[in-house]
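Here is the file query_27.pdb (PDB, N, CA and C atoms).
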```
ATOM      1  N   MET A 194     -18.864  -8.505  -8.910
ATOM      2  CA  MET A 194     -17.435  -8.238  -8.976
ATOM      3  C   MET A 194     -16.949  -7.839  -7.577
ATOM      4  N   ASN A 195     -15.841  -8.418  -7.144
ATOM      5  CA  ASN A 195     -15.388  -8.082  -5.797
ATOM      6  C   ASN A 195     -14.664  -6.739  -5.781
ATOM      7  N   ARG A 196     -14.460  -6.234  -4.593
ATOM      8  CA  ARG A 196     -13.868  -4.911  -4.407
ATOM      9  C   ARG A 196     -12.454  -4.830  -4.984
ATOM     10  N   GLU A 197     -11.661  -5.878  -4.792
ATOM     11  CA  GLU A 197     -10.300  -5.892  -5.324
ATOM     12  C   GLU A 197     -10.298  -5.712  -6.848
ATOM     13  N   LYS A 198     -11.147  -6.459  -7.530
ATOM     14  CA  LYS A 198     -11.210  -6.371  -8.993
ATOM     15  C   LYS A 198     -11.700  -5.000  -9.438
ATOM     16  N   GLU A 199     -12.685  -4.467  -8.741
ATOM     17  CA  GLU A 199     -13.202  -3.135  -9.082
ATOM     18  C   GLU A 199     -12.100  -2.074  -8.988
ATOM     19  N   ILE A 200     -11.365  -2.098  -7.893
ATOM     20  CA  ILE A 200     -10.315  -1.100  -7.692
ATOM     21  C   ILE A 200      -9.178  -1.314  -8.682
ATOM     22  N   TYR A 201      -8.779  -2.565  -8.879
ATOM     23  CA  TYR A 201      -7.723  -2.874  -9.838
ATOM     24  C   TYR A 201      -8.101  -2.388 -11.238
ATOM     25  N   ASP A 202      -9.292  -2.720 -11.685
ATOM     26  CA  ASP A 202      -9.745  -2.303 -13.010
ATOM     27  C   ASP A 202      -9.783  -0.780 -13.126
ATOM     28  N   TYR A 203     -10.261  -0.133 -12.086
ATOM     29  CA  TYR A 203     -10.328   1.330 -12.091
ATOM     30  C   TYR A 203      -8.927   1.935 -12.226
ATOM     31  N   LEU A 204      -7.974   1.430 -11.437
ATOM     32  CA  LEU A 204      -6.612   1.949 -11.512
ATOM     33  C   LEU A 204      -5.999   1.704 -12.895
ATOM     34  N   CYS A 205      -6.230   0.512 -13.448
ATOM     35  CA  CYS A 205      -5.690   0.180 -14.776
ATOM     36  C   CYS A 205      -6.246   1.098 -15.857
ATOM     37  N   GLN A 206      -7.480   1.516 -15.717
ATOM     38  CA  GLN A 206      -8.124   2.351 -16.730
ATOM     39  C   GLN A 206      -7.839   3.836 -16.545
ATOM     40  N   ASN A 207      -7.553   4.254 -15.315
ATOM     41  CA  ASN A 207      -7.512   5.692 -15.038
ATOM     42  C   ASN A 207      -6.229   6.227 -14.409
ATOM     43  N   HIS A 208      -5.386   5.349 -13.890
ATOM     44  CA  HIS A 208      -4.238   5.835 -13.112
ATOM     45  C   HIS A 208      -2.969   5.049 -13.426
ATOM     46  N   VAL A 209      -2.541   5.115 -14.674
ATOM     47  CA  VAL A 209      -1.316   4.453 -15.112
ATOM     48  C   VAL A 209      -0.189   5.482 -15.089
ATOM     49  N   GLY A 210       0.886   5.155 -14.401
ATOM     50  CA  GLY A 210       2.027   6.059 -14.282
ATOM     51  C   GLY A 210       1.903   6.973 -13.083
ATOM     52  N   LYS A 211       3.053   7.283 -12.508
ATOM     53  CA  LYS A 211       3.095   8.088 -11.286
ATOM     54  C   LYS A 211       2.413   9.447 -11.441
ATOM     55  N   ASP A 212       2.544  10.043 -12.594
ATOM     56  CA  ASP A 212       1.926  11.358 -12.810
ATOM     57  C   ASP A 212       0.406  11.299 -12.767
ATOM     58  N   ASN A 213      -0.155  10.115 -12.849
ATOM     59  CA  ASN A 213      -1.612   9.928 -12.819
ATOM     60  C   ASN A 213      -2.084   9.287 -11.519
ATOM     61  N   ARG A 214      -1.263   9.360 -10.486
ATOM     62  CA  ARG A 214      -1.622   8.718  -9.213
ATOM     63  C   ARG A 214      -2.885   9.333  -8.623
ATOM     64  N   ILE A 215      -3.514   8.543  -7.764
ATOM     65  CA  ILE A 215      -4.712   8.990  -7.056
ATOM     66  C   ILE A 215      -4.430   8.876  -5.563
ATOM     67  N   THR A 216      -4.876   9.846  -4.816
ATOM     68  CA  THR A 216      -4.627   9.820  -3.377
ATOM     69  C   THR A 216      -5.450   8.724  -2.701
ATOM     70  N   ASN A 217      -4.961   8.318  -1.558
ATOM     71  CA  ASN A 217      -5.668   7.345  -0.734
ATOM     72  C   ASN A 217      -7.083   7.861  -0.444
ATOM     73  N   TYR A 218      -7.177   9.119  -0.067
ATOM     74  CA  TYR A 218      -8.467   9.706   0.280
ATOM     75  C   TYR A 218      -9.443   9.650  -0.890
ATOM     76  N   LYS A 219      -8.985  10.062  -2.072
ATOM     77  CA  LYS A 219      -9.869  10.097  -3.243
ATOM     78  C   LYS A 219     -10.317   8.690  -3.645
ATOM     79  N   LEU A 220      -9.398   7.729  -3.568
ATOM     80  CA  LEU A 220      -9.748   6.346  -3.907
ATOM     81  C   LEU A 220     -10.770   5.797  -2.916
ATOM     82  N   ARG A 221     -10.576   6.086  -1.640
ATOM     83  CA  ARG A 221     -11.559   5.645  -0.631
ATOM     84  C   ARG A 221     -12.905   6.308  -0.862
ATOM     85  N   GLU A 222     -12.893   7.574  -1.231
ATOM     86  CA  GLU A 222     -14.132   8.306  -1.501
ATOM     87  C   GLU A 222     -14.881   7.688  -2.688
ATOM     88  N   LEU A 223     -14.147   7.378  -3.752
ATOM     89  CA  LEU A 223     -14.777   6.806  -4.949
ATOM     90  C   LEU A 223     -15.415   5.448  -4.692
ATOM     91  N   PHE A 224     -14.789   4.656  -3.814
ATOM     92  CA  PHE A 224     -15.279   3.295  -3.567
ATOM     93  C   PHE A 224     -15.963   3.152  -2.210
ATOM     94  N   ASP A 225     -16.290   4.285  -1.596
ATOM     95  CA  ASP A 225     -17.022   4.303  -0.328
ATOM     96  C   ASP A 225     -16.358   3.409   0.729
ATOM     97  N   ILE A 226     -15.064   3.625   0.911
ATOM     98  CA  ILE A 226     -14.294   2.903   1.925
ATOM     99  C   ILE A 226     -13.911   3.926   2.989
ATOM    100  N   SER A 227     -14.444   3.780   4.178
ATOM    101  CA  SER A 227     -14.233   4.798   5.208
ATOM    102  C   SER A 227     -12.897   4.641   5.933
ATOM    103  N   ASP A 228     -12.356   3.441   5.937
ATOM    104  CA  ASP A 228     -11.177   3.144   6.733
ATOM    105  C   ASP A 228      -9.926   3.043   5.864
ATOM    106  N   GLU A 229      -8.913   3.842   6.184
ATOM    107  CA  GLU A 229      -7.659   3.834   5.435
ATOM    108  C   GLU A 229      -6.989   2.458   5.478
ATOM    109  N   LYS A 230      -7.046   1.812   6.631
ATOM    110  CA  LYS A 230      -6.443   0.479   6.766
ATOM    111  C   LYS A 230      -7.150  -0.526   5.859
ATOM    112  N   ARG A 231      -8.435  -0.411   5.717
ATOM    113  CA  ARG A 231      -9.198  -1.310   4.837
ATOM    114  C   ARG A 231      -8.717  -1.179   3.394
ATOM    115  N   LEU A 232      -8.492   0.053   2.938
ATOM    116  CA  LEU A 232      -7.995   0.243   1.575
ATOM    117  C   LEU A 232      -6.600  -0.362   1.428
ATOM    118  N   ARG A 233      -5.722  -0.144   2.402
ATOM    119  CA  ARG A 233      -4.383  -0.736   2.328
ATOM    120  C   ARG A 233      -4.458  -2.254   2.236
ATOM    121  N   ASN A 234      -5.386  -2.861   2.972
ATOM    122  CA  ASN A 234      -5.558  -4.319   2.906
ATOM    123  C   ASN A 234      -6.035  -4.766   1.526
ATOM    124  N   ILE A 235      -6.933  -4.010   0.933
ATOM    125  CA  ILE A 235      -7.410  -4.330  -0.416
ATOM    126  C   ILE A 235      -6.260  -4.244  -1.411
ATOM    127  N   ILE A 236      -5.466  -3.180  -1.326
ATOM    128  CA  ILE A 236      -4.315  -3.014  -2.221
ATOM    129  C   ILE A 236      -3.336  -4.163  -2.020
ATOM    130  N   GLU A 237      -3.087  -4.547  -0.787
ATOM    131  CA  GLU A 237      -2.191  -5.670  -0.508
ATOM    132  C   GLU A 237      -2.726  -6.962  -1.125
ATOM    133  N   ASN A 238      -4.025  -7.191  -0.998
ATOM    134  CA  ASN A 238      -4.638  -8.387  -1.591
ATOM    135  C   ASN A 238      -4.444  -8.409  -3.106
ATOM    136  N   ILE A 239      -4.582  -7.267  -3.736
ATOM    137  CA  ILE A 239      -4.372  -7.184  -5.185
ATOM    138  C   ILE A 239      -2.920  -7.505  -5.517
ATOM    139  N   ARG A 240      -2.016  -6.908  -4.762
ATOM    140  CA  ARG A 240      -0.585  -7.081  -5.037
ATOM    141  C   ARG A 240      -0.132  -8.531  -4.931
ATOM    142  N   ILE A 241      -0.669  -9.272  -3.999
ATOM    143  CA  ILE A 241      -0.194 -10.648  -3.781
ATOM    144  C   ILE A 241      -0.966 -11.684  -4.584
ATOM    145  N   ASN A 242      -2.009 -11.264  -5.279
ATOM    146  CA  ASN A 242      -2.832 -12.187  -6.056
ATOM    147  C   ASN A 242      -2.301 -12.269  -7.489
ATOM    148  N   ASP A 243      -1.907 -13.456  -7.917
ATOM    149  CA  ASP A 243      -1.357 -13.648  -9.264
ATOM    150  C   ASP A 243      -2.350 -13.361 -10.380
ATOM    151  N   GLU A 244      -3.631 -13.312 -10.054
ATOM    152  CA  GLU A 244      -4.652 -12.991 -11.054
ATOM    153  C   GLU A 244      -4.454 -11.576 -11.610
ATOM    154  N   PHE A 245      -3.934 -10.688 -10.779
ATOM    155  CA  PHE A 245      -3.722  -9.295 -11.163
ATOM    156  C   PHE A 245      -2.273  -9.136 -11.619
ATOM    157  N   LYS A 246      -2.064  -9.006 -12.901
ATOM    158  CA  LYS A 246      -0.725  -9.026 -13.494
ATOM    159  C   LYS A 246       0.030  -7.704 -13.358
ATOM    160  N   LYS A 247      -0.673  -6.610 -13.339
ATOM    161  CA  LYS A 247      -0.018  -5.310 -13.252
ATOM    162  C   LYS A 247       0.275  -4.962 -11.795
ATOM    163  N   ILE A 248       1.275  -4.122 -11.597
ATOM    164  CA  ILE A 248       1.737  -3.776 -10.250
ATOM    165  C   ILE A 248       1.130  -2.449  -9.816
ATOM    166  N   ILE A 249       0.547  -2.450  -8.636
ATOM    167  CA  ILE A 249       0.070  -1.199  -8.051
ATOM    168  C   ILE A 249       1.231  -0.589  -7.288
ATOM    169  N   ALA A 250       1.661   0.569  -7.743
ATOM    170  CA  ALA A 250       2.730   1.306  -7.085
ATOM    171  C   ALA A 250       2.110   2.272  -6.081
ATOM    172  N   SER A 251       2.934   2.704  -5.126
ATOM    173  CA  SER A 251       2.429   3.654  -4.134
ATOM    174  C   SER A 251       3.564   4.449  -3.537
ATOM    175  N   LYS A 252       3.171   5.573  -2.989
ATOM    176  CA  LYS A 252       4.094   6.439  -2.278
ATOM    177  C   LYS A 252       3.307   7.098  -1.160
ATOM    178  N   ALA A 253       3.942   7.241   0.003
ATOM    179  CA  ALA A 253       3.288   7.879   1.143
ATOM    180  C   ALA A 253       3.534   9.385   1.108
ATOM    181  N   GLY A 254       2.781  10.095   1.902
ATOM    182  CA  GLY A 254       3.009  11.523   2.074
ATOM    183  C   GLY A 254       2.079  12.396   1.273
ATOM    184  N   ASN A 255       2.351  13.702   1.336
ATOM    185  CA  ASN A 255       1.496  14.693   0.673
ATOM    186  C   ASN A 255       1.403  14.492  -0.831
ATOM    187  N   LYS A 256       2.477  14.032  -1.438
ATOM    188  CA  LYS A 256       2.480  13.815  -2.880
ATOM    189  C   LYS A 256       2.343  12.336  -3.203
ATOM    190  N   GLY A 257       1.787  11.601  -2.268
ATOM    191  CA  GLY A 257       1.650  10.161  -2.431
ATOM    192  C   GLY A 257       0.362   9.758  -3.105
ATOM    193  N   GLY A 258       0.184   8.453  -3.181
ATOM    194  CA  GLY A 258      -1.020   7.902  -3.770
ATOM    195  C   GLY A 258      -0.753   6.536  -4.358
ATOM    196  N   TYR A 259      -1.698   6.080  -5.156
ATOM    197  CA  TYR A 259      -1.634   4.772  -5.811
ATOM    198  C   TYR A 259      -1.712   4.961  -7.322
ATOM    199  N   TRP A 260      -1.010   4.084  -8.053
ATOM    200  CA  TRP A 260      -1.067   4.100  -9.507
ATOM    201  C   TRP A 260      -0.570   2.766 -10.036
ATOM    202  N   ILE A 261      -0.853   2.507 -11.279
ATOM    203  CA  ILE A 261      -0.324   1.310 -11.939
ATOM    204  C   ILE A 261       1.078   1.645 -12.433
ATOM    205  N   ALA A 262       2.035   0.853 -11.984
ATOM    206  CA  ALA A 262       3.434   1.090 -12.363
ATOM    207  C   ALA A 262       3.602   0.916 -13.868
ATOM    208  N   ASN A 263       4.356   1.828 -14.461
ATOM    209  CA  ASN A 263       4.680   1.681 -15.879
ATOM    210  C   ASN A 263       6.181   1.842 -16.123
ATOM    211  N   SER A 264       6.966   1.660 -15.041
ATOM    212  CA  SER A 264       8.425   1.708 -15.171
ATOM    213  C   SER A 264       9.057   0.959 -14.004
ATOM    214  N   LYS A 265      10.291   0.589 -14.209
ATOM    215  CA  LYS A 265      11.048  -0.067 -13.141
ATOM    216  C   LYS A 265      11.205   0.873 -11.945
ATOM    217  N   SER A 266      11.395   2.155 -12.213
ATOM    218  CA  SER A 266      11.564   3.110 -11.111
ATOM    219  C   SER A 266      10.301   3.215 -10.260
ATOM    220  N   ASP A 267       9.119   3.096 -10.873
ATOM    221  CA  ASP A 267       7.874   3.057 -10.090
ATOM    222  C   ASP A 267       7.906   1.880  -9.116
ATOM    223  N   CYS A 268       8.338   0.738  -9.620
ATOM    224  CA  CYS A 268       8.398  -0.470  -8.787
ATOM    225  C   CYS A 268       9.420  -0.324  -7.669
ATOM    226  N   LEU A 269      10.584   0.202  -8.004
ATOM    227  CA  LEU A 269      11.632   0.375  -7.003
ATOM    228  C   LEU A 269      11.215   1.359  -5.913
ATOM    229  N   GLU A 270      10.522   2.421  -6.298
ATOM    230  CA  GLU A 270      10.030   3.392  -5.318
ATOM    231  C   GLU A 270       9.026   2.733  -4.367
ATOM    232  N   THR A 271       8.180   1.889  -4.918
ATOM    233  CA  THR A 271       7.190   1.189  -4.094
ATOM    234  C   THR A 271       7.866   0.198  -3.159
ATOM    235  N   ILE A 272       8.832  -0.534  -3.672
ATOM    236  CA  ILE A 272       9.569  -1.481  -2.829
ATOM    237  C   ILE A 272      10.233  -0.744  -1.666
ATOM    238  N   GLU A 273      10.881   0.387  -1.966
ATOM    239  CA  GLU A 273      11.529   1.174  -0.912
ATOM    240  C   GLU A 273      10.513   1.647   0.120
ATOM    241  N   HIS A 274       9.373   2.132  -0.345
ATOM    242  CA  HIS A 274       8.300   2.606   0.539
ATOM    243  C   HIS A 274       7.828   1.478   1.463
ATOM    244  N   LEU A 275       7.602   0.292   0.911
ATOM    245  CA  LEU A 275       7.130  -0.843   1.702
ATOM    246  C   LEU A 275       8.195  -1.324   2.682
ATOM    247  N   GLN A 276       9.448  -1.338   2.250
ATOM    248  CA  GLN A 276      10.526  -1.775   3.142
ATOM    249  C   GLN A 276      10.703  -0.815   4.310
ATOM    250  N   LYS A 277      10.577   0.479   4.080
ATOM    251  CA  LYS A 277      10.664   1.451   5.177
ATOM    252  C   LYS A 277       9.555   1.235   6.193
ATOM    253  N   ARG A 278       8.339   0.977   5.689
ATOM    254  CA  ARG A 278       7.222   0.702   6.600
ATOM    255  C   ARG A 278       7.484  -0.556   7.411
ATOM    256  N   ALA A 279       7.999  -1.601   6.732
ATOM    257  CA  ALA A 279       8.270  -2.868   7.415
ATOM    258  C   ALA A 279       9.352  -2.696   8.480
ATOM    259  N   LEU A 280      10.398  -1.961   8.172
ATOM    260  CA  LEU A 280      11.480  -1.739   9.133
ATOM    261  C   LEU A 280      11.000  -0.944  10.340
ATOM    262  N   LYS A 281      10.127   0.019  10.103
ATOM    263  CA  LYS A 281       9.574   0.800  11.211
ATOM    264  C   LYS A 281       8.755  -0.102  12.139
ATOM    265  N   ILE A 282       7.954  -0.963  11.572
ATOM    266  CA  ILE A 282       7.150  -1.895  12.367
ATOM    267  C   ILE A 282       8.050  -2.857  13.130
ATOM    268  N   LEU A 283       9.076  -3.367  12.466
ATOM    269  CA  LEU A 283      10.022  -4.265  13.120
ATOM    270  C   LEU A 283      10.722  -3.564  14.281
ATOM    271  N   GLY A 284      11.126  -2.324  14.091
ATOM    272  CA  GLY A 284      11.754  -1.558  15.159
ATOM    273  C   GLY A 284      10.842  -1.380  16.353
ATOM    274  N   THR A 285       9.581  -1.103  16.094
ATOM    275  CA  THR A 285       8.602  -0.964  17.174
ATOM    276  C   THR A 285       8.440  -2.276  17.931
ATOM    277  N   SER A 286       8.390  -3.384  17.206
ATOM    278  CA  SER A 286       8.233  -4.682  17.880
ATOM    279  C   SER A 286       9.447  -4.996  18.747
ATOM    280  N   GLU A 287      10.641  -4.598  18.312
ATOM    281  CA  GLU A 287      11.842  -4.822  19.116
ATOM    282  C   GLU A 287      11.816  -3.997  20.399
ATOM    283  N   VAL A 288      11.342  -2.758  20.320
ATOM    284  CA  VAL A 288      11.225  -1.918  21.513
ATOM    285  C   VAL A 288      10.250  -2.547  22.505
ATOM    286  N   ILE A 289       9.122  -3.013  22.004
ATOM    287  CA  ILE A 289       8.134  -3.653  22.880
ATOM    288  C   ILE A 289       8.716  -4.912  23.507
ATOM    289  N   ASP A 290       9.433  -5.693  22.717
ATOM    290  CA  ASP A 290      10.071  -6.908  23.236
ATOM    291  C   ASP A 290      11.054  -6.566  24.351
ATOM    292  N   ASN A 291      11.881  -5.548  24.137
ATOM    293  CA  ASN A 291      12.847  -5.141  25.171
ATOM    294  C   ASN A 291      12.148  -4.670  26.431
ATOM    295  N   LYS A 292      11.096  -3.862  26.286
ATOM    296  CA  LYS A 292      10.336  -3.391  27.453
ATOM    297  C   LYS A 292       9.710  -4.563  28.192
ATOM    298  N   MET A 293       9.132  -5.503  27.438
ATOM    299  CA  MET A 293       8.512  -6.671  28.049
ATOM    300  C   MET A 293       9.528  -7.436  28.893
ATOM    301  N   ARG A 294      10.728  -7.644  28.340
ATOM    302  CA  ARG A 294      11.769  -8.391  29.051
ATOM    303  C   ARG A 294      12.222  -7.655  30.303
ATOM    304  N   SER A 295      12.292  -6.327  30.227
ATOM    305  CA  SER A 295      12.721  -5.577  31.422
ATOM    306  C   SER A 295      11.644  -5.569  32.502
ATOM    307  N   ILE A 296      10.393  -5.653  32.094
ATOM    308  CA  ILE A 296       9.287  -5.639  33.062
ATOM    309  C   ILE A 296       9.015  -7.048  33.609
ATOM    310  N   TYR A 297       8.949  -8.019  32.708
ATOM    311  CA  TYR A 297       8.518  -9.371  33.084
ATOM    312  C   TYR A 297       9.622 -10.403  33.085
ATOM    313  N   GLY A 298      10.811 -10.029  32.652
ATOM    314  CA  GLY A 298      11.929 -10.959  32.576
ATOM    315  C   GLY A 298      11.898 -11.733  31.260
ATOM    316  N   ALA A 299      13.018 -12.385  31.015
ATOM    317  CA  ALA A 299      13.150 -13.140  29.758
ATOM    318  C   ALA A 299      12.257 -14.326  29.835
TER
END
```
Show how you would write the structure in this file as structure tokens.
Amino acid sequence: MNREKEIYDYLCQNHVGKDNRITNYKLRELFDISDEKRLRNIIENIRINDEFKKIIASKAGNKGGYWIANSKSDCLETIEHLQKRALKILGTSEVIDNKMRSIYGA
């Protein structure tokens, strides 16, 4: 069984609903994943794979974690969280682009 399926099955069995979320740290500890980025990549792979029908919701911060969404609000919170991350990355890329142009020209 691959890592994505193991984690997906575990979340479906043990962490349904926001009140049952599991922290990034605890999930990495359970599945012996040392790198936070590696876990995020696994979660992303699950989310984009049509084989996995349920939605993994997430929230960042001290009260954050991962869980299987069981409401529209869980999904909306996750969408907002992902969009904020994407906008932050886009903003950083624009700053780098502007610096590059000022240093090296258009």
**Prompt:** Just asking: which residues within range 200-235 of chain A are helix (DSSP H, G or I) according to DSSP, as number ranges by chain?
**Reply:** A: 200-207, 211-213, 217-223, 229-235
**Message:** So, with only N, CA and C atoms as the atoms that count, which of A:Tyr203, A:Ile261, A:Asp267, A:Met293 lies closest to Lys247 in chain A?
**Reply:**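 Using only N, CA and C atoms, the shortest distance to Lys247 in chain A belongs to A:Ile261.
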Determine which residues of range 224-264 of chain A DSSP labels as strand (DSSP E or B) from the backbone of this structure, then write them out as a compact mmCIF listing (two decimals) with N, CA and C atoms, in the frame of the given file.
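So the final result, stored in result13.txt, reads:
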```txt
# COMPACT_ATOMS: atom_id res chain seq x y z
N ILE A 249 0.55 -2.45 -8.64
CA ILE A 249 0.07 -1.20 -8.05
C ILE A 249 1.23 -0.59 -7.29
N ALA A 250 1.66 0.57 -7.74
CA ALA A 250 2.73 1.31 -7.08
C ALA A 250 2.11 2.27 -6.08
N SER A 251 2.93 2.70 -5.13
CA SER A 251 2.43 3.65 -4.13
C SER A 251 3.56 4.45 -3.54
N LYS A 252 3.17 5.57 -2.99
CA LYS A 252 4.09 6.44 -2.28
C LYS A 252 3.31 7.10 -1.16
N GLY A 258 0.18 8.45 -3.18
CA GLY A 258 -1.02 7.90 -3.77
C GLY A 258 -0.75 6.54 -4.36
N TYR A 259 -1.70 6.08 -5.16
CA TYR A 259 -1.63 4.77 -5.81
C TYR A 259 -1.71 4.96 -7.32
N TRP A 260 -1.01 4.08 -8.05
CA TRP A 260 -1.07 4.10 -9.51
C TRP A 260 -0.57 2.77 -10.04
N ILE A 261 -0.85 2.51 -11.28
CA ILE A 261 -0.32 1.31 -11.94
C ILE A 261 1.08 1.64 -12.43
```
**Prompt:** To one decimal place, how far is atom N of Ile248 in chain A from atom N of Asn263 in chain A in Å?
**Reply:**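 Spanning atom N of Ile248 in chain A to atom N of Asn263 in chain A is a straight-line distance of 7.3 Å.
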Edge lengths and centre, in Å to one decimal, as AutoDock Vina command-line options: that's what I need for the box along x, y and z that holds all listed atoms of range 284-292 of chain A plus 8 Å on each side.
```
--center_x 10.5 --center_y -3.9 --center_z 21.1 --size_x 20.7 --size_y 21.9 --size_z 30.1
```
Evaluate the PyMOL selection byres ((chain A and resi 216-231) around 6) and record the selected residues as a PDB file with N, CA and C atoms, keeping the file's coordinate frame, following the chain and residue labels used in the document.
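Saved file expr.pdb follows:
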```
ATOM      1  N   ARG A 214      -1.263   9.360 -10.486  1.00  0.00           N
ATOM      2  CA  ARG A 214      -1.622   8.718  -9.213  1.00  0.00           C
ATOM      3  C   ARG A 214      -2.885   9.333  -8.623  1.00  0.00           C
ATOM      4  N   ILE A 215      -3.514   8.543  -7.764  1.00  0.00           N
ATOM      5  CA  ILE A 215      -4.712   8.990  -7.056  1.00  0.00           C
ATOM      6  C   ILE A 215      -4.430   8.876  -5.563  1.00  0.00           C
ATOM      7  N   LEU A 232      -8.492   0.053   2.938  1.00  0.00           N
ATOM      8  CA  LEU A 232      -7.995   0.243   1.575  1.00  0.00           C
ATOM      9  C   LEU A 232      -6.600  -0.362   1.428  1.00  0.00           C
ATOM     10  N   ARG A 233      -5.722  -0.144   2.402  1.00  0.00           N
ATOM     11  CA  ARG A 233      -4.383  -0.736   2.328  1.00  0.00           C
ATOM     12  C   ARG A 233      -4.458  -2.254   2.236  1.00  0.00           C
ATOM     13  N   ASN A 234      -5.386  -2.861   2.972  1.00  0.00           N
ATOM     14  CA  ASN A 234      -5.558  -4.319   2.906  1.00  0.00           C
ATOM     15  C   ASN A 234      -6.035  -4.766   1.526  1.00  0.00           C
ATOM     16  N   ILE A 235      -6.933  -4.010   0.933  1.00  0.00           N
ATOM     17  CA  ILE A 235      -7.410  -4.330  -0.416  1.00  0.00           C
ATOM     18  C   ILE A 235      -6.260  -4.244  -1.411  1.00  0.00           C
ATOM     19  N   GLY A 257       1.787  11.601  -2.268  1.00  0.00           N
ATOM     20  CA  GLY A 257       1.650  10.161  -2.431  1.00  0.00           C
ATOM     21  C   GLY A 257       0.362   9.758  -3.105  1.00  0.00           C
ATOM     22  N   GLY A 258       0.184   8.453  -3.181  1.00  0.00           N
ATOM     23  CA  GLY A 258      -1.020   7.902  -3.770  1.00  0.00           C
ATOM     24  C   GLY A 258      -0.753   6.536  -4.358  1.00  0.00           C
ATOM     25  N   TYR A 259      -1.698   6.080  -5.156  1.00  0.00           N
ATOM     26  CA  TYR A 259      -1.634   4.772  -5.811  1.00  0.00           C
ATOM     27  C   TYR A 259      -1.712   4.961  -7.322  1.00  0.00           C
TER      28      TYR A 259
END
```
**Point-to-point distance from atom N of Lys211 in chain A to CA of Ser266 in chain A, Å rounded to tenths** =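 Going from atom N of Lys211 in chain A over to CA of Ser266 in chain A covers 9.6 Å.
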**Prompt:** Could you state the separation of atom N of Asp290 in chain A and atom C of Arg278 in chain A in Å, given to one decimal place?
**Reply:** 16.3 Å
**Asked** On this structure, which residues satisfy the PyMOL selection byres (((chain A and resi 272 and name CA) around 12) and name CA), written as a count of residues only?
**Response** 22
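Proximity of A:Glu244, A:Glu237, A:Trp260, A:Leu283 to His208 in chain A, computed with only N, CA and C atoms, is greatest for A:Trp260.
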